[in-house]
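The file run24.pdb comes next; it holds PDB, C-alpha atoms, pLDDT in the B column.
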```
ATOM      1  CA  MET A   1      22.416 -74.646  21.683  1.00 47.00           C
ATOM      2  CA  SER A   2      18.896 -75.998  21.982  1.00 48.00           C
ATOM      3  CA  SER A   3      15.681 -74.180  22.635  1.00 47.00           C
ATOM      4  CA  GLU A   4      13.738 -74.551  25.823  1.00 50.00           C
ATOM      5  CA  GLN A   5      10.505 -74.026  23.908  1.00 48.00           C
ATOM      6  CA  SER A   6       8.240 -77.025  23.501  1.00 49.00           C
ATOM      7  CA  SER A   7       7.364 -76.323  19.921  1.00 48.00           C
ATOM      8  CA  SER A   8       7.301 -78.204  16.680  1.00 58.00           C
ATOM      9  CA  ALA A   9       9.258 -75.393  14.973  1.00 61.00           C
ATOM     10  CA  ALA A  10      12.714 -76.392  13.844  1.00 91.00           C
ATOM     11  CA  VAL A  11      15.765 -74.827  15.400  1.00 97.00           C
ATOM     12  CA  ARG A  12      17.078 -72.088  13.094  1.00 97.00           C
ATOM     13  CA  PRO A  13      19.214 -68.942  13.393  1.00 98.00           C
ATOM     14  CA  ILE A  14      17.544 -65.637  14.326  1.00 98.00           C
ATOM     15  CA  GLN A  15      19.446 -62.348  14.401  1.00 98.00           C
ATOM     16  CA  VAL A  16      18.844 -60.209  17.492  1.00 98.00           C
ATOM     17  CA  GLU A  17      20.033 -56.651  18.149  1.00 98.00           C
ATOM     18  CA  TYR A  18      19.952 -54.905  21.517  1.00 98.00           C
ATOM     19  CA  TYR A  19      19.753 -51.209  22.297  1.00 98.00           C
ATOM     20  CA  ALA A  20      20.084 -48.996  25.365  1.00 97.00           C
ATOM     21  CA  GLN A  21      19.624 -50.807  28.670  1.00 96.00           C
ATOM     22  CA  LEU A  22      18.873 -54.143  27.001  1.00 98.00           C
ATOM     23  CA  ARG A  23      22.266 -53.907  25.257  1.00 98.00           C
ATOM     24  CA  GLU A  24      23.983 -53.272  28.578  1.00 97.00           C
ATOM     25  CA  GLU A  25      22.102 -56.083  30.311  1.00 97.00           C
ATOM     26  CA  ALA A  26      22.758 -58.574  27.503  1.00 98.00           C
ATOM     27  CA  GLY A  27      26.413 -57.492  27.434  1.00 98.00           C
ATOM     28  CA  ARG A  28      26.322 -57.324  23.648  1.00 98.00           C
ATOM     29  CA  ALA A  29      24.800 -55.297  20.815  1.00 98.00           C
ATOM     30  CA  GLU A  30      23.807 -58.304  18.721  1.00 98.00           C
ATOM     31  CA  GLU A  31      23.784 -62.061  18.617  1.00 98.00           C
ATOM     32  CA  THR A  32      22.655 -64.925  16.441  1.00 98.00           C
ATOM     33  CA  VAL A  33      20.319 -67.169  18.410  1.00 98.00           C
ATOM     34  CA  GLN A  34      19.734 -70.815  17.489  1.00 98.00           C
ATOM     35  CA  THR A  35      16.150 -71.251  18.583  1.00 98.00           C
ATOM     36  CA  ALA A  36      12.881 -73.015  17.932  1.00 97.00           C
ATOM     37  CA  ALA A  37      10.880 -70.128  19.405  1.00 97.00           C
ATOM     38  CA  PRO A  38       7.904 -69.705  17.054  1.00 97.00           C
ATOM     39  CA  THR A  39       7.021 -66.099  17.890  1.00 98.00           C
ATOM     40  CA  ALA A  40       8.668 -62.840  18.951  1.00 98.00           C
ATOM     41  CA  SER A  41       7.106 -63.326  22.363  1.00 98.00           C
ATOM     42  CA  ALA A  42       8.560 -66.821  22.810  1.00 98.00           C
ATOM     43  CA  LEU A  43      11.964 -65.581  21.629  1.00 98.00           C
ATOM     44  CA  PHE A  44      11.927 -62.792  24.190  1.00 98.00           C
ATOM     45  CA  GLU A  45      11.007 -65.223  26.989  1.00 98.00           C
ATOM     46  CA  GLU A  46      13.888 -67.467  25.998  1.00 98.00           C
ATOM     47  CA  LEU A  47      16.395 -64.595  25.869  1.00 98.00           C
ATOM     48  CA  ASP A  48      15.045 -63.127  29.099  1.00 98.00           C
ATOM     49  CA  ARG A  49      15.814 -66.435  30.852  1.00 98.00           C
ATOM     50  CA  ARG A  50      19.336 -66.289  29.451  1.00 97.00           C
ATOM     51  CA  HIS A  51      20.117 -62.619  30.111  1.00 98.00           C
ATOM     52  CA  GLY A  52      17.809 -61.732  33.017  1.00 97.00           C
ATOM     53  CA  PHE A  53      16.484 -58.466  31.605  1.00 98.00           C
ATOM     54  CA  SER A  54      15.119 -55.872  34.031  1.00 96.00           C
ATOM     55  CA  LEU A  55      12.366 -54.980  31.550  1.00 96.00           C
ATOM     56  CA  SER A  56       9.443 -57.279  30.816  1.00 97.00           C
ATOM     57  CA  ALA A  57       7.658 -57.720  27.504  1.00 97.00           C
ATOM     58  CA  GLU A  58       4.877 -55.365  28.661  1.00 96.00           C
ATOM     59  CA  ASP A  59       7.501 -52.584  28.865  1.00 96.00           C
ATOM     60  CA  LEU A  60       8.803 -53.230  25.364  1.00 98.00           C
ATOM     61  CA  ARG A  61       7.762 -53.114  21.728  1.00 98.00           C
ATOM     62  CA  VAL A  62       9.163 -55.487  19.153  1.00 98.00           C
ATOM     63  CA  SER A  63      10.317 -55.059  15.586  1.00 98.00           C
ATOM     64  CA  ILE A  64      11.012 -57.704  12.961  1.00 98.00           C
ATOM     65  CA  ASN A  65      13.116 -56.737   9.939  1.00 98.00           C
ATOM     66  CA  ALA A  66      12.934 -53.035  10.844  1.00 98.00           C
ATOM     67  CA  SER A  67       9.134 -52.829  11.165  1.00 97.00           C
ATOM     68  CA  PHE A  68       7.133 -52.619  14.377  1.00 98.00           C
ATOM     69  CA  THR A  69       5.061 -55.760  14.796  1.00 98.00           C
ATOM     70  CA  ASP A  70       2.972 -57.728  17.308  1.00 98.00           C
ATOM     71  CA  TRP A  71       4.424 -59.979  19.982  1.00 98.00           C
ATOM     72  CA  ASP A  72       2.619 -62.982  18.485  1.00 98.00           C
ATOM     73  CA  ALA A  73       4.210 -62.401  15.071  1.00 98.00           C
ATOM     74  CA  PRO A  74       6.064 -65.482  13.801  1.00 98.00           C
ATOM     75  CA  VAL A  75       9.843 -65.342  13.517  1.00 98.00           C
ATOM     76  CA  ASP A  76      11.569 -67.003  10.579  1.00 97.00           C
ATOM     77  CA  ALA A  77      15.125 -68.057   9.866  1.00 97.00           C
ATOM     78  CA  GLU A  78      17.500 -65.089   9.433  1.00 95.00           C
ATOM     79  CA  ASP A  79      14.899 -62.569  10.630  1.00 98.00           C
ATOM     80  CA  LEU A  80      16.288 -59.536  12.467  1.00 98.00           C
ATOM     81  CA  VAL A  81      14.418 -59.142  15.748  1.00 98.00           C
ATOM     82  CA  VAL A  82      14.857 -56.017  17.904  1.00 98.00           C
ATOM     83  CA  PHE A  83      13.211 -55.509  21.283  1.00 98.00           C
ATOM     84  CA  ILE A  84      12.458 -51.808  21.749  1.00 98.00           C
ATOM     85  CA  PRO A  85      12.879 -50.451  25.298  1.00 97.00           C
ATOM     86  CA  PRO A  86      10.767 -47.435  26.332  1.00 97.00           C
ATOM     87  CA  VAL A  87      11.876 -44.675  23.971  1.00 97.00           C
ATOM     88  CA  ALA A  88      13.217 -41.301  25.062  1.00 95.00           C
ATOM     89  CA  GLY A  89      14.110 -39.226  22.034  1.00 95.00           C
ATOM     90  CA  GLY A  90      13.921 -35.482  21.760  1.00 94.00           C
TER      91      GLY A  90
ATOM     92  CA  MET B   1      13.035 -35.103   5.199  1.00 93.00           C
ATOM     93  CA  PHE B   2      13.846 -37.021   8.354  1.00 97.00           C
ATOM     94  CA  ALA B   3      17.376 -38.044   9.329  1.00 98.00           C
ATOM     95  CA  ILE B   4      19.360 -39.525  12.177  1.00 98.00           C
ATOM     96  CA  THR B   5      22.908 -38.150  12.356  1.00 98.00           C
ATOM     97  CA  ASP B   6      25.981 -38.511  14.533  1.00 98.00           C
ATOM     98  CA  GLN B   7      27.220 -35.090  13.371  1.00 98.00           C
ATOM     99  CA  PRO B   8      26.406 -31.631  14.811  1.00 98.00           C
ATOM    100  CA  ILE B   9      23.102 -30.318  13.439  1.00 98.00           C
ATOM    101  CA  SER B  10      23.456 -27.133  11.391  1.00 97.00           C
ATOM    102  CA  THR B  11      20.045 -25.590  11.926  1.00 95.00           C
ATOM    103  CA  GLN B  12      20.782 -22.825   9.375  1.00 95.00           C
ATOM    104  CA  GLU B  13      21.460 -25.404   6.657  1.00 95.00           C
ATOM    105  CA  GLN B  14      18.368 -27.385   7.576  1.00 95.00           C
ATOM    106  CA  LYS B  15      16.201 -24.285   7.595  1.00 95.00           C
ATOM    107  CA  ALA B  16      17.319 -23.384   4.061  1.00 95.00           C
ATOM    108  CA  ARG B  17      15.832 -26.666   2.777  1.00 93.00           C
ATOM    109  CA  LEU B  18      12.374 -25.483   3.782  1.00 96.00           C
ATOM    110  CA  HIS B  19      12.421 -22.311   1.704  1.00 94.00           C
ATOM    111  CA  SER B  20       9.050 -21.746   0.019  1.00 95.00           C
ATOM    112  CA  LEU B  21       7.546 -18.591  -1.441  1.00 97.00           C
ATOM    113  CA  GLU B  22       4.114 -19.943  -0.496  1.00 98.00           C
ATOM    114  CA  ALA B  23       5.098 -19.995   3.159  1.00 98.00           C
ATOM    115  CA  GLY B  24       4.104 -17.090   5.348  1.00 98.00           C
ATOM    116  CA  ALA B  25       5.281 -18.896   8.452  1.00 98.00           C
ATOM    117  CA  TYR B  26       8.380 -20.847   9.469  1.00 98.00           C
ATOM    118  CA  VAL B  27       8.357 -22.480  12.924  1.00 98.00           C
ATOM    119  CA  GLU B  28      11.267 -24.424  14.344  1.00 98.00           C
ATOM    120  CA  PHE B  29      12.025 -26.336  17.500  1.00 98.00           C
ATOM    121  CA  GLU B  30      15.450 -27.149  18.893  1.00 98.00           C
ATOM    122  CA  GLY B  31      15.663 -29.739  21.653  1.00 98.00           C
ATOM    123  CA  ARG B  32      18.855 -28.976  23.589  1.00 98.00           C
ATOM    124  CA  VAL B  33      20.875 -30.776  26.247  1.00 98.00           C
ATOM    125  CA  ARG B  34      19.866 -29.305  29.614  1.00 97.00           C
ATOM    126  CA  ASN B  35      22.075 -29.208  32.712  1.00 98.00           C
ATOM    127  CA  HIS B  36      19.430 -30.564  35.067  1.00 97.00           C
ATOM    128  CA  SER B  37      16.839 -33.330  35.169  1.00 95.00           C
ATOM    129  CA  ASP B  38      14.425 -34.163  37.941  1.00 92.00           C
ATOM    130  CA  GLY B  39      16.493 -32.151  40.434  1.00 95.00           C
ATOM    131  CA  ARG B  40      19.825 -33.735  39.453  1.00 97.00           C
ATOM    132  CA  GLU B  41      22.754 -31.963  37.846  1.00 98.00           C
ATOM    133  CA  VAL B  42      23.353 -33.366  34.355  1.00 98.00           C
ATOM    134  CA  ARG B  43      26.816 -33.397  32.731  1.00 98.00           C
ATOM    135  CA  ARG B  44      25.963 -34.818  29.299  1.00 98.00           C
ATOM    136  CA  LEU B  45      23.557 -37.051  27.397  1.00 98.00           C
ATOM    137  CA  ASP B  46      24.304 -40.191  25.417  1.00 98.00           C
ATOM    138  CA  TYR B  47      21.781 -40.852  22.644  1.00 98.00           C
ATOM    139  CA  GLU B  48      21.416 -43.962  20.553  1.00 98.00           C
ATOM    140  CA  ALA B  49      18.939 -44.996  17.889  1.00 98.00           C
ATOM    141  CA  TYR B  50      17.867 -48.012  15.929  1.00 98.00           C
ATOM    142  CA  HIS B  51      18.753 -46.078  12.793  1.00 98.00           C
ATOM    143  CA  GLU B  52      16.771 -47.934  10.146  1.00 98.00           C
ATOM    144  CA  LEU B  53      13.531 -48.063  12.097  1.00 98.00           C
ATOM    145  CA  ALA B  54      13.935 -44.517  13.470  1.00 98.00           C
ATOM    146  CA  GLU B  55      14.342 -43.154   9.953  1.00 98.00           C
ATOM    147  CA  SER B  56      11.353 -45.051   8.541  1.00 98.00           C
ATOM    148  CA  GLU B  57       9.166 -44.139  11.535  1.00 98.00           C
ATOM    149  CA  GLY B  58      10.348 -40.517  11.376  1.00 98.00           C
ATOM    150  CA  THR B  59       9.575 -40.349   7.661  1.00 98.00           C
ATOM    151  CA  ARG B  60       6.108 -41.780   8.337  1.00 98.00           C
ATOM    152  CA  LEU B  61       5.582 -39.165  11.070  1.00 98.00           C
ATOM    153  CA  LEU B  62       6.499 -36.259   8.774  1.00 98.00           C
ATOM    154  CA  ARG B  63       4.026 -37.572   6.187  1.00 98.00           C
ATOM    155  CA  GLU B  64       1.319 -37.609   8.887  1.00 98.00           C
ATOM    156  CA  VAL B  65       2.219 -34.024   9.821  1.00 98.00           C
ATOM    157  CA  THR B  66       1.754 -32.712   6.290  1.00 98.00           C
ATOM    158  CA  GLU B  67      -1.484 -34.704   5.921  1.00 98.00           C
ATOM    159  CA  GLN B  68      -3.043 -33.716   9.234  1.00 97.00           C
ATOM    160  CA  PHE B  69      -2.087 -30.042   9.365  1.00 98.00           C
ATOM    161  CA  ASP B  70      -2.411 -27.221   6.878  1.00 98.00           C
ATOM    162  CA  VAL B  71       1.341 -26.915   6.313  1.00 98.00           C
ATOM    163  CA  ILE B  72       3.566 -27.026   3.240  1.00 98.00           C
ATOM    164  CA  ASP B  73       6.498 -29.074   4.488  1.00 98.00           C
ATOM    165  CA  ALA B  74       8.122 -30.404   7.643  1.00 98.00           C
ATOM    166  CA  ALA B  75      11.606 -31.729   8.344  1.00 98.00           C
ATOM    167  CA  CYS B  76      13.467 -33.183  11.308  1.00 98.00           C
ATOM    168  CA  VAL B  77      16.993 -34.240  12.230  1.00 98.00           C
ATOM    169  CA  HIS B  78      17.786 -36.168  15.408  1.00 98.00           C
ATOM    170  CA  ARG B  79      21.337 -36.514  16.627  1.00 98.00           C
ATOM    171  CA  VAL B  80      22.900 -39.542  18.329  1.00 98.00           C
ATOM    172  CA  GLY B  81      26.137 -40.026  20.248  1.00 98.00           C
ATOM    173  CA  THR B  82      27.597 -38.199  23.248  1.00 98.00           C
ATOM    174  CA  LEU B  83      26.174 -34.678  23.506  1.00 98.00           C
ATOM    175  CA  ASP B  84      27.521 -31.899  25.702  1.00 98.00           C
ATOM    176  CA  LEU B  85      25.365 -29.370  27.544  1.00 98.00           C
ATOM    177  CA  GLY B  86      23.660 -26.855  25.259  1.00 98.00           C
ATOM    178  CA  THR B  87      24.012 -29.044  22.161  1.00 98.00           C
ATOM    179  CA  VAL B  88      21.082 -29.404  19.767  1.00 98.00           C
ATOM    180  CA  ALA B  89      19.804 -32.987  20.034  1.00 98.00           C
ATOM    181  CA  VAL B  90      16.810 -32.607  17.746  1.00 98.00           C
ATOM    182  CA  TRP B  91      15.719 -29.996  15.217  1.00 98.00           C
ATOM    183  CA  ILE B  92      12.258 -29.692  13.684  1.00 98.00           C
ATOM    184  CA  GLY B  93      11.222 -27.172  11.046  1.00 98.00           C
ATOM    185  CA  VAL B  94       7.763 -26.554   9.611  1.00 98.00           C
ATOM    186  CA  VAL B  95       6.654 -24.147   6.896  1.00 98.00           C
ATOM    187  CA  GLY B  96       3.065 -23.207   6.201  1.00 98.00           C
ATOM    188  CA  ALA B  97       0.990 -20.511   4.607  1.00 98.00           C
ATOM    189  CA  HIS B  98      -0.148 -19.338   8.056  1.00 98.00           C
ATOM    190  CA  ARG B  99       1.312 -19.564  11.536  1.00 98.00           C
ATOM    191  CA  ALA B 100      -1.367 -21.420  13.517  1.00 98.00           C
ATOM    192  CA  ASP B 101      -0.970 -24.804  11.877  1.00 98.00           C
ATOM    193  CA  ALA B 102       2.798 -24.369  11.586  1.00 98.00           C
ATOM    194  CA  PHE B 103       2.998 -23.950  15.380  1.00 98.00           C
ATOM    195  CA  ARG B 104       0.643 -26.851  16.037  1.00 98.00           C
ATOM    196  CA  ALA B 105       2.354 -29.173  13.555  1.00 98.00           C
ATOM    197  CA  CYS B 106       5.750 -28.467  15.103  1.00 98.00           C
ATOM    198  CA  ALA B 107       4.435 -29.176  18.609  1.00 97.00           C
ATOM    199  CA  PHE B 108       2.732 -32.374  17.429  1.00 97.00           C
ATOM    200  CA  CYS B 109       5.960 -33.472  15.793  1.00 98.00           C
ATOM    201  CA  ILE B 110       8.125 -33.259  18.931  1.00 97.00           C
ATOM    202  CA  ASP B 111       5.445 -35.010  21.022  1.00 96.00           C
ATOM    203  CA  GLU B 112       5.290 -37.895  18.544  1.00 97.00           C
ATOM    204  CA  ILE B 113       9.080 -38.124  18.269  1.00 97.00           C
ATOM    205  CA  LYS B 114       9.293 -38.542  22.033  1.00 96.00           C
ATOM    206  CA  ALA B 115       6.512 -41.125  22.038  1.00 95.00           C
ATOM    207  CA  ARG B 116       7.355 -43.217  18.964  1.00 95.00           C
ATOM    208  CA  LEU B 117      10.883 -43.004  17.639  1.00 97.00           C
ATOM    209  CA  PRO B 118      13.263 -45.803  18.640  1.00 98.00           C
ATOM    210  CA  VAL B 119      15.761 -43.355  20.146  1.00 98.00           C
ATOM    211  CA  TRP B 120      17.146 -43.677  23.671  1.00 98.00           C
ATOM    212  CA  LYS B 121      18.815 -41.249  26.033  1.00 97.00           C
ATOM    213  CA  ARG B 122      21.149 -41.913  28.926  1.00 98.00           C
ATOM    214  CA  GLU B 123      21.623 -39.086  31.390  1.00 98.00           C
ATOM    215  CA  VAL B 124      25.098 -38.790  32.895  1.00 98.00           C
ATOM    216  CA  TYR B 125      25.008 -36.899  36.180  1.00 98.00           C
ATOM    217  CA  ALA B 126      27.527 -34.681  37.957  1.00 97.00           C
ATOM    218  CA  ASP B 127      27.955 -37.349  40.667  1.00 96.00           C
ATOM    219  CA  GLY B 128      29.152 -39.846  38.043  1.00 95.00           C
ATOM    220  CA  GLU B 129      26.009 -41.952  37.967  1.00 97.00           C
ATOM    221  CA  ALA B 130      24.118 -42.535  34.732  1.00 97.00           C
ATOM    222  CA  GLU B 131      20.619 -43.686  33.901  1.00 96.00           C
ATOM    223  CA  TRP B 132      18.652 -44.684  30.803  1.00 96.00           C
ATOM    224  CA  ILE B 133      15.510 -42.573  30.687  1.00 94.00           C
ATOM    225  CA  ASN B 134      12.426 -44.757  30.456  1.00 81.00           C
ATOM    226  CA  GLY B 135       9.455 -43.200  28.785  1.00 70.00           C
ATOM    227  CA  CYS B 136       8.889 -39.637  27.894  1.00 62.00           C
ATOM    228  CA  CYS B 137       6.999 -36.454  27.864  1.00 57.00           C
ATOM    229  CA  GLY B 138       5.380 -36.459  31.310  1.00 62.00           C
ATOM    230  CA  THR B 139       5.462 -32.686  31.029  1.00 70.00           C
ATOM    231  CA  GLY B 140       6.092 -30.480  28.094  1.00 84.00           C
ATOM    232  CA  SER B 141       3.354 -30.977  25.529  1.00 89.00           C
ATOM    233  CA  VAL B 142       1.571 -27.770  24.593  1.00 90.00           C
ATOM    234  CA  PHE B 143      -1.591 -29.794  23.984  1.00 91.00           C
ATOM    235  CA  ALA B 144      -4.008 -30.645  26.762  1.00 87.00           C
ATOM    236  CA  ALA B 145      -4.556 -34.393  27.198  1.00 83.00           C
ATOM    237  CA  ASP B 146      -8.048 -34.297  25.661  1.00 82.00           C
ATOM    238  CA  GLU B 147      -7.339 -31.602  23.084  1.00 83.00           C
ATOM    239  CA  PRO B 148      -7.942 -32.433  19.409  1.00 80.00           C
ATOM    240  CA  VAL B 149      -4.528 -31.821  17.908  1.00 83.00           C
ATOM    241  CA  SER B 150      -5.301 -31.344  14.243  1.00 75.00           C
ATOM    242  CA  HIS B 151      -8.382 -30.043  12.473  1.00 62.00           C
ATOM    243  CA  ARG B 152      -7.857 -32.192   9.391  1.00 57.00           C
ATOM    244  CA  HIS B 153      -8.695 -35.837   9.655  1.00 46.00           C
ATOM    245  CA  SER B 154      -7.269 -38.048   6.963  1.00 43.00           C
TER     246      SER B 154
END
```
Show me the file's structure as structure tokens.
Amino acid sequence: MSSEQSSSAAVRPIQVEYYAQLREEAGRAEETVQTAAPTASALFEELDRRHGFSLSAEDLRVSINASFTDWDAPVDAEDLVVFIPPVAGG
Amino acid sequence: MFAITDQPISTQEQKARLHSLEAGAYVEFEGRVRNHSDGREVRRLDYEAYHELAESEGTRLLREVTEQFDVIDAACVHRVGTLDLGTVAVWIGVVGAHRADAFRACAFCIDEIKARLPVWKREVYADGEAEWINGCCGTGSVFAADEPVSHRHS
């Protein structure tokens, strides 16, 4: 599996978990992605092309290793990245 | 104490954890599964959470509550899984010396839970359709949009 990103970053494994409608649209709760995507934003774009999500990045928040972070945060090998759909607790 | 659970919430047990002889006021909120939403008949709700982040964010929220309001302690439990009508989905308890801040802290807490916690709800309707609810709290907050919520600023 090769990345579509034109980046100097090496291809490495990133853990991704999906929740709620993203889980249904991806057809899985988690996957390990071999990618050269340098940031959370680039990773989402790559996975959006693969899964065709109905939500765009503007609708979502992102977390890396169980902390909310910015879309331009770098992703490293073995990081756990979770895209957070609009929340609806309570 | 903040927790995500897939078990029924015993509000009596939770309430007992907040016992304090300094408290003149105990305020609680139960969010329950309602049989209607936006004019549609609801049969049940399916909740899911990103447990680790929901618990850390919930713990951070409770710390903010005790810092920003004149209260002694606050606690919350949010349930996940398939919930039938009438079931308690979320419980919040607040104890304080006096009632005003206990009420306000409890109201602040449910607003923030709806806005911040990585918890999702899927409504299952009587006609068999189901929908993930995007976003929250269009109505329901006791605070006006421009109302200062707390009088303490940390």
Taking a cut-off of 12 Å and counting all atoms listed in the file, can you build a table that, for each residue of region 44-90 of chain A near region 30-46 of chain B, reports the nearest atom pair and how far apart they are in Å (one decimal), sorted by chain then residue number, as CSV?
```
residue,atom,partner,partner_atom,distance
A:Ala88,CA,B:Asp46,CA,11.1
A:Gly89,CA,B:Gly31,CA,9.6
A:Gly90,CA,B:Gly31,CA,6.0
```
Any chance you could export the current selection's C-alpha atoms as a JSON list (two decimals), keeping the file's coordinate frame?
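Saved as part-v4.json:
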```json
[["chain", "number", "residue", "atom", "x", "y", "z"],
["A", 88, "ALA", "CA", 13.22, -41.30, 25.06],
["A", 89, "GLY", "CA", 14.11, -39.23, 22.03],
["A", 90, "GLY", "CA", 13.92, -35.48, 21.76]]
```
### Query
Residues picked by the PyMOL selection byres ((chain A and resi 86) around 8) here, as a list in words?
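Selection result, ordered by chain and number: Asp59, Leu60, Arg61, Ile84, Pro85, Val87 and Ala88 of chain A; Trp120, Asn134 and Gly135 of chain B.
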Please put the answer as JSON: centre and edge lengths, in Å with one decimal, of a box along x, y and z that encloses all listed atoms of region 64-68 of chain B plus 4 Å on each side.
```
{"center_x": -0.4, "center_y": -35.2, "center_z": 7.9, "size_x": 13.3, "size_y": 12.9, "size_z": 11.9}
```
### Task
Record the distance separating CA of Val81 (chain A) and CA of Arg12 (chain A), expressed in Å with one decimal.
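Separation between CA of Val81 (chain A) and CA of Arg12 (chain A): 13.5 Å.
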### Message
As a check of understanding, name the residues that the PyMOL selection byres ((chain B and resi 74-91) around 8) selects in the supplied structure, as a ChimeraX atom specification.
### Response
/A:90 /B:1-9,11,18,28-35,43-49,58,62,65-66,71-73,92-95
### Query
Given a cut-off of 7 Å, which residues of chain B touch chain A, counting only C-alpha atoms, written out as a ChimeraX atom specification?
/B:31,52-53,89-90,110,113-121,132-136
### Task
I would like the residues chosen by the PyMOL selection byres ((chain B and resi 141) around 12) on the shown file; could you give them as a ChimeraX atom specification?
/B:104,106-115,136-140,142-147,149
Could you dump the residues just selected with C-alpha atoms as a tab-separated table (two decimals), in the coordinates of the input?
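Result file part_16.tsv:
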```tsv
chain	number	residue	atom	x	y	z
B	104	ARG	CA	0.64	-26.85	16.04
B	106	CYS	CA	5.75	-28.47	15.10
B	107	ALA	CA	4.43	-29.18	18.61
B	108	PHE	CA	2.73	-32.37	17.43
B	109	CYS	CA	5.96	-33.47	15.79
B	110	ILE	CA	8.12	-33.26	18.93
B	111	ASP	CA	5.44	-35.01	21.02
B	112	GLU	CA	5.29	-37.90	18.54
B	113	ILE	CA	9.08	-38.12	18.27
B	114	LYS	CA	9.29	-38.54	22.03
B	115	ALA	CA	6.51	-41.12	22.04
B	136	CYS	CA	8.89	-39.64	27.89
B	137	CYS	CA	7.00	-36.45	27.86
B	138	GLY	CA	5.38	-36.46	31.31
B	139	THR	CA	5.46	-32.69	31.03
B	140	GLY	CA	6.09	-30.48	28.09
B	142	VAL	CA	1.57	-27.77	24.59
B	143	PHE	CA	-1.59	-29.79	23.98
B	144	ALA	CA	-4.01	-30.64	26.76
B	145	ALA	CA	-4.56	-34.39	27.20
B	146	ASP	CA	-8.05	-34.30	25.66
B	147	GLU	CA	-7.34	-31.60	23.08
B	149	VAL	CA	-4.53	-31.82	17.91
```
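Separating CA of Asp79 (chain A) from CA of Arg122 (chain B) is a distance of 28.3 Å.
CA of His51 (chain B) is positioned 28.5 Å from CA of Gly96 (chain B).
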Spatial sel., origin (21.0, -66.2, 8.6), limit 7 Å, all atoms listed in the file, listed as a compact mmCIF listing (two decimals) with C-alpha atoms, keeping the file's coordinate frame:
```
# COMPACT_ATOMS: atom_id res chain seq x y z
CA PRO A 13 19.21 -68.94 13.39
CA ILE A 14 17.54 -65.64 14.33
CA ALA A 77 15.12 -68.06 9.87
CA GLU A 78 17.50 -65.09 9.43
```
### Task
Counting all atoms listed in the file, figure out which residue out of A:Gly52, A:Asp72, A:Pro38, A:Glu58 gets nearest to Glu24 (chain A).
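Smallest distance to Glu24 (chain A) is found for A:Gly52.
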### Task
Might you pull out every residue within 12 Å of Thr39 (chain A), with all atoms listed in the file counted and same-chain residues fewer than 2 positions away left off, and present them as a PyMOL selection string?
chain A and resi 5+7+9+14+35-37+41-46+62-64+69-77+79+81
